[in-house]
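upload-v2.txt (compact mmCIF, C-alpha atoms and all ligand atoms)
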```txt
# COMPACT_ATOMS: atom_id res chain seq x y z
CA MET A 1 34.89 -153.94 36.05
CA ILE A 2 32.65 -150.87 35.88
CA VAL A 3 32.57 -149.32 32.38
CA VAL A 4 31.30 -145.74 32.00
CA HIS A 5 29.98 -144.90 28.53
CA HIS A 6 30.92 -141.26 28.60
CA LEU A 7 29.83 -138.52 26.19
CA ASN A 8 31.95 -135.37 25.97
CA ASN A 9 30.48 -132.26 27.68
CA SER A 10 27.73 -134.18 29.36
CA ARG A 11 26.06 -135.29 32.54
CA SER A 12 28.19 -138.42 32.65
CA GLN A 13 31.04 -136.27 33.99
CA ARG A 14 29.22 -136.64 37.33
CA ILE A 15 29.60 -140.42 37.26
CA LEU A 16 33.34 -140.19 36.64
CA TRP A 17 33.55 -137.74 39.53
CA LEU A 18 31.60 -140.04 41.88
CA LEU A 19 33.84 -142.98 40.95
CA GLU A 20 36.89 -140.86 41.69
CA GLU A 21 35.44 -139.80 45.06
CA LEU A 22 34.83 -143.49 45.86
CA GLY A 23 38.30 -144.48 44.65
CA LEU A 24 36.91 -147.33 42.54
CA PRO A 25 38.64 -148.83 39.49
CA TYR A 26 36.70 -148.23 36.27
CA GLU A 27 37.11 -147.96 32.54
CA VAL A 28 35.92 -145.00 30.43
CA LYS A 29 34.57 -145.59 26.95
CA ARG A 30 34.41 -142.18 25.26
CA TYR A 31 31.80 -141.07 22.72
CA GLU A 32 31.79 -137.75 20.83
CA ARG A 33 28.73 -135.59 20.18
CA ASN A 34 27.88 -134.79 16.59
CA PRO A 35 29.26 -131.21 16.33
CA GLN A 36 26.24 -130.02 14.30
CA THR A 37 23.36 -131.60 16.18
CA MET A 38 25.14 -132.10 19.52
CA LEU A 39 23.46 -135.51 19.67
CA ALA A 40 25.19 -138.68 20.84
CA PRO A 41 26.56 -141.04 18.18
CA PRO A 42 24.44 -144.10 17.23
CA GLU A 43 26.97 -146.47 18.89
CA LEU A 44 25.51 -145.48 22.24
CA ASN A 45 22.21 -147.13 21.22
CA LYS A 46 24.04 -150.43 21.22
CA VAL A 47 24.68 -150.02 24.94
CA HIS A 48 21.18 -148.77 25.90
CA PRO A 49 18.08 -148.35 23.68
CA LEU A 50 17.78 -144.61 24.47
CA GLY A 51 21.36 -143.91 23.39
CA LYS A 52 21.97 -141.25 26.06
CA SER A 53 24.86 -140.77 28.41
CA PRO A 54 25.60 -141.66 31.16
CA VAL A 55 25.25 -145.40 30.88
CA ILE A 56 27.33 -147.83 32.87
CA THR A 57 27.87 -151.54 32.68
CA ASP A 58 28.99 -153.51 35.71
CA GLY A 59 29.29 -157.23 35.02
CA ASP A 60 25.96 -158.26 33.52
CA ALA A 61 24.14 -155.10 34.66
CA THR A 62 23.55 -152.16 32.34
CA MET A 63 22.25 -149.00 33.93
CA ALA A 64 21.18 -145.60 32.60
CA GLU A 65 19.91 -142.37 34.22
CA SER A 66 22.44 -140.44 36.34
CA GLY A 67 20.41 -140.53 39.56
CA ALA A 68 19.84 -144.28 39.30
CA ILE A 69 23.52 -144.89 38.52
CA ILE A 70 24.59 -142.79 41.50
CA GLU A 71 22.18 -144.68 43.81
CA TYR A 72 23.43 -148.02 42.43
CA LEU A 73 27.11 -147.18 42.87
CA LEU A 74 26.58 -145.87 46.40
CA ALA A 75 24.45 -148.85 47.47
CA THR A 76 26.87 -151.36 45.95
CA TYR A 77 30.25 -149.81 46.72
CA GLY A 78 29.78 -146.70 48.83
CA ALA A 79 28.09 -147.77 52.06
CA THR A 80 30.90 -146.44 54.23
CA SER A 81 31.81 -143.46 52.03
CA GLY A 82 29.56 -140.97 53.85
CA LEU A 83 28.36 -139.72 50.46
CA ARG A 84 24.83 -141.03 51.10
CA PRO A 85 23.69 -140.11 54.64
CA PRO A 86 21.12 -142.48 56.24
CA ILE A 87 17.72 -141.80 54.71
CA ALA A 88 15.96 -141.32 58.08
CA THR A 89 18.12 -138.30 58.97
CA PRO A 90 17.50 -134.70 57.83
CA GLU A 91 20.76 -134.95 55.83
CA GLY A 92 19.58 -138.18 54.19
CA GLN A 93 16.23 -136.66 53.28
CA ARG A 94 17.85 -133.59 51.81
CA CYS A 95 20.30 -135.79 49.91
CA THR A 96 17.39 -137.73 48.36
CA TYR A 97 15.57 -134.49 47.55
CA TRP A 98 18.50 -132.96 45.64
CA LEU A 99 19.38 -136.24 43.92
CA HIS A 100 15.89 -136.09 42.36
CA PHE A 101 15.60 -132.31 42.04
CA ALA A 102 18.64 -132.06 39.75
CA GLU A 103 17.12 -134.00 36.86
CA GLY A 104 13.43 -133.76 37.79
CA SER A 105 13.15 -129.99 38.37
CA ALA A 106 16.38 -128.13 37.63
CA MET A 107 17.26 -129.54 34.22
CA PRO A 108 13.90 -129.17 32.35
CA PRO A 109 13.79 -125.33 32.28
CA LEU A 110 17.53 -125.18 31.49
CA LEU A 111 16.98 -127.49 28.55
CA LEU A 112 13.96 -125.46 27.39
CA LYS A 113 16.09 -122.31 27.54
CA LEU A 114 18.68 -123.96 25.33
CA ILE A 115 16.10 -125.19 22.81
CA PHE A 116 14.03 -121.99 22.59
CA GLY A 117 17.23 -119.94 22.45
CA ARG A 118 18.32 -122.01 19.44
CA ILE A 119 14.94 -121.48 17.75
CA GLN A 120 15.55 -117.72 17.95
CA THR A 121 18.74 -117.99 15.93
CA ALA A 122 17.93 -120.98 13.72
CA PRO A 123 17.89 -120.49 9.94
CA MET A 124 14.31 -120.60 8.58
CA PRO A 125 12.21 -119.07 5.77
CA PHE A 126 11.92 -115.27 6.28
CA PHE A 127 8.11 -115.31 6.56
CA VAL A 128 8.19 -117.81 9.47
CA LYS A 129 11.00 -116.08 11.35
CA PRO A 130 9.04 -113.35 13.21
CA ILE A 131 6.35 -115.83 14.30
CA ALA A 132 8.81 -118.49 15.47
CA ARG A 133 10.96 -115.91 17.25
CA GLY A 134 7.91 -114.28 18.86
CA ILE A 135 6.65 -117.60 20.21
CA ALA A 136 10.12 -118.59 21.45
CA GLN A 137 10.51 -115.23 23.20
CA LYS A 138 7.10 -115.56 24.89
CA VAL A 139 7.86 -119.07 26.16
CA LEU A 140 11.21 -117.88 27.47
CA THR A 141 9.97 -114.75 29.24
CA LEU A 142 6.65 -116.07 30.55
CA MET A 143 7.62 -119.56 31.58
CA VAL A 144 11.23 -120.63 31.31
CA GLU A 145 13.16 -117.67 32.73
CA PRO A 146 10.86 -117.08 35.76
CA ASN A 147 11.20 -120.78 36.62
CA ILE A 148 14.98 -120.67 36.38
CA LYS A 149 15.07 -117.52 38.51
CA SER A 150 12.88 -118.93 41.29
CA GLN A 151 14.88 -122.16 41.34
CA LEU A 152 18.20 -120.31 41.54
CA ASP A 153 16.81 -118.09 44.34
CA PHE A 154 15.67 -121.22 46.19
CA MET A 155 19.03 -122.98 45.82
CA GLU A 156 20.92 -119.85 46.87
CA ALA A 157 18.72 -119.59 50.00
CA GLU A 158 19.39 -123.25 50.82
CA LEU A 159 23.14 -122.71 50.69
CA TRP A 160 22.83 -119.76 53.09
CA GLN A 161 21.60 -122.37 55.61
CA ARG A 162 24.29 -125.03 55.12
CA PRO A 163 27.56 -125.31 53.16
CA TRP A 164 26.59 -128.36 51.08
CA PHE A 165 23.23 -129.33 49.64
CA ALA A 166 22.52 -132.09 52.18
CA GLY A 167 24.11 -130.48 55.24
CA ALA A 168 27.48 -129.87 56.85
CA ASP A 169 29.26 -132.43 54.67
CA PHE A 170 29.81 -132.98 50.98
CA THR A 171 27.54 -135.77 49.64
CA ALA A 172 26.33 -137.34 46.41
CA ALA A 173 23.69 -134.58 46.28
CA ASP A 174 26.48 -132.11 45.45
CA ILE A 175 27.73 -134.34 42.66
CA GLN A 176 24.27 -134.68 41.14
CA MET A 177 23.59 -130.92 41.46
CA SER A 178 26.83 -130.01 39.68
CA PHE A 179 25.53 -130.34 36.12
CA PRO A 180 22.44 -128.09 36.42
CA LEU A 181 24.40 -125.43 38.29
CA GLU A 182 27.32 -125.54 35.90
CA ALA A 183 24.84 -125.27 33.02
CA ALA A 184 23.08 -122.37 34.76
CA ALA A 185 26.42 -120.56 35.15
CA GLN A 186 27.23 -121.16 31.51
CA ARG A 187 23.96 -120.18 29.88
CA ALA A 188 21.22 -119.15 32.32
CA GLY A 189 22.48 -116.16 34.23
CA LEU A 190 23.95 -117.71 37.37
CA ASP A 191 26.61 -115.18 38.40
CA ALA A 192 28.15 -113.29 41.32
CA SER A 193 24.72 -111.93 42.29
CA ARG A 194 24.21 -115.37 43.88
CA PRO A 195 27.41 -115.64 45.93
CA LYS A 196 26.61 -118.88 47.79
CA LEU A 197 26.01 -120.82 44.58
CA MET A 198 29.14 -119.35 42.97
CA ASP A 199 31.20 -120.23 46.04
CA TRP A 200 29.78 -123.77 45.98
CA LEU A 201 30.77 -124.09 42.29
CA HIS A 202 34.26 -122.92 43.15
CA ARG A 203 34.52 -125.42 46.03
CA ILE A 204 33.40 -128.43 43.97
CA HIS A 205 35.85 -127.52 41.20
CA GLN A 206 38.71 -127.53 43.73
CA ARG A 207 38.11 -131.12 44.84
CA PRO A 208 40.96 -133.42 43.78
CA ALA A 209 38.48 -136.12 42.69
CA TYR A 210 36.67 -133.59 40.46
CA LYS A 211 39.99 -132.68 38.81
CA ARG A 212 40.95 -136.33 38.30
CA ALA A 213 37.53 -136.99 36.71
CA LEU A 214 38.15 -134.14 34.26
CA GLU A 215 41.41 -135.77 33.18
CA LYS A 216 39.62 -139.08 32.63
CA GLY A 217 36.63 -137.63 30.77
CA GLY A 218 38.30 -135.24 28.36
CA PRO A 219 36.72 -131.99 27.14
CA TYR A 220 34.13 -130.57 29.56
CA ASP A 221 33.23 -126.92 28.95
CA TYR A 222 31.19 -126.55 32.13
CA ALA A 223 34.03 -126.66 34.65
CA LYS A 224 34.09 -122.88 35.11
CA ASP A 225 33.25 -120.82 38.16
N1 LIG B 1 18.03 -137.62 32.78
C1 LIG B 1 19.06 -138.31 32.05
C2 LIG B 1 19.44 -137.46 30.85
C3 LIG B 1 20.40 -138.14 29.89
C4 LIG B 1 20.78 -137.21 28.77
O1 LIG B 1 19.91 -136.52 28.17
N2 LIG B 1 22.07 -137.14 28.43
C5 LIG B 1 22.55 -136.26 27.41
C6 LIG B 1 23.94 -135.78 27.77
S1 LIG B 1 23.98 -134.45 28.89
C7 LIG B 1 22.70 -136.98 26.10
O2 LIG B 1 23.04 -138.14 26.06
N3 LIG B 1 22.51 -136.23 24.99
C8 LIG B 1 22.77 -136.69 23.68
C9 LIG B 1 21.54 -137.06 22.89
O3 LIG B 1 20.43 -136.76 23.36
O4 LIG B 1 21.70 -137.61 21.81
C10 LIG B 1 20.24 -138.57 32.98
O5 LIG B 1 20.40 -137.83 33.95
O6 LIG B 1 20.99 -139.54 32.77
```
Let's see the structure in the file written out as structure tokens.
Ligand SMILES: N[C@@H](CCC(=O)N[C@@H](CS)C(=O)NCC(=O)O)C(=O)O
Amino acid sequence: MIVVHHLNNSRSQRILWLLEELGLPYEVKRYERNPQTMLAPPELNKVHPLGKSPVITDGDATMAESGAIIEYLLATYGATSGLRPPIATPEGQRCTYWLHFAEGSAMPPLLLKLIFGRIQTAPMPFFVKPIARGIAQKVLTLMVEPNIKSQLDFMEAELWQRPWFAGADFTAADIQMSFPLEAAAQRAGLDASRPKLMDWLHRIHQRPAYKRALEKGGPYDYAKD
């Protein structure tokens, strides 16, 4: 039996969604973030040394890292699902690209925005405040925000060419891309000025498997479009 070690409001929502799309039986073990630090509880370290979510176990195998988990589930159980087009096709190549892009390129600036945004409002001694805030603002305006903007422009342009990230059909690339785009809509300025991305968010949120995954996973603040 596949067990998903699922943290509330996290990337592991994507794994529940994939399992629902595949129609596989699985068990969810829920973990709650520390409300102050937002970090995962220490029990997750007992499943995997890094203590992050998602992690799955399947028989003797333990696997972390969303992209790797998605590849594993598709290779093991999803060969005929159509969610992973053959690698030698343009759809397959695009699917691989977005499966990697989501965590490798899209998430880092979004995470930096979150961290440097928190520095700007964090309590600290009054004499440090203007320096810390000034540095945070510079990093945000010179590096982080331009990166987010160019990535969002790029993704919007891609969706003007095809309805889903890999091509004409919904694939695992759309599942993997959900978290960065939901995070961008929540805290990084993705809005109606990028209509193709907003329409894509709306379409993924309408999928029955997405809705079933929400019921299984519990609180998930990112499911807004
Ligand atoms: N690149 C990893 C990132 C894993 C990750 O950072 N997960 C977050 C949840 S969105 C987490 O566990 N955060 C809690 C913590 O760092 O303690 C993946 O895609 O699986």
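Proximity to Glu27 (chain A) at 10 Å, evaluated using only C-alpha atoms and with sequence-adjacent residues fewer than 3 positions away removed, yields Met1, Ile2, Val3, Val4, His5, His6, Leu16, Arg30, Ile56, Thr57 and Lys216 of chain A.
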Contacts of ligand LIG 1 (chain B), 6 Å or closer, all atoms listed in the file, given as a tab-separated table (two decimals) with C-alpha atoms, in the coordinates of the input:
```tsv
chain	number	residue	atom	x	y	z
A	10	SER	CA	27.73	-134.18	29.36
A	11	ARG	CA	26.06	-135.29	32.54
A	39	LEU	CA	23.46	-135.51	19.67
A	40	ALA	CA	25.19	-138.68	20.84
A	52	LYS	CA	21.97	-141.25	26.06
A	53	SER	CA	24.86	-140.77	28.41
A	54	PRO	CA	25.60	-141.66	31.16
A	65	GLU	CA	19.91	-142.37	34.22
A	66	SER	CA	22.44	-140.44	36.34
A	103	GLU	CA	17.12	-134.00	36.86
```
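Of the listed residues (A:Gly23, A:Trp200, A:Arg194, A:Thr62), A:Arg194 comes nearest to Phe154 (chain A); the distances count all atoms listed in the file.
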Exercise. Provide the CA of Ala188 (chain A) to CA of Glu71 (chain A) distance in Å, to one decimal place.
Key: 28.0 Å
Quiz item: With only C-alpha atoms as the atoms that count, which of A:Glu215, A:Phe179, A:Lys149, A:Leu159 lies nearest to Leu197 (chain A)?
Solution: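 The closest residue to Leu197 (chain A) is A:Leu159.
Closest approach to Ser12 (chain A) among A:Gln151, A:Tyr220, A:Asp225, A:Leu181 is made by A:Tyr220 (distances from only C-alpha atoms).
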Exercise. Would you mind telling me which residue in A:Leu110, A:Ala157, A:Ala166, A:Ala184 lies nearest to Leu140 (chain A) when using only C-alpha atoms?
Key: A:Leu110
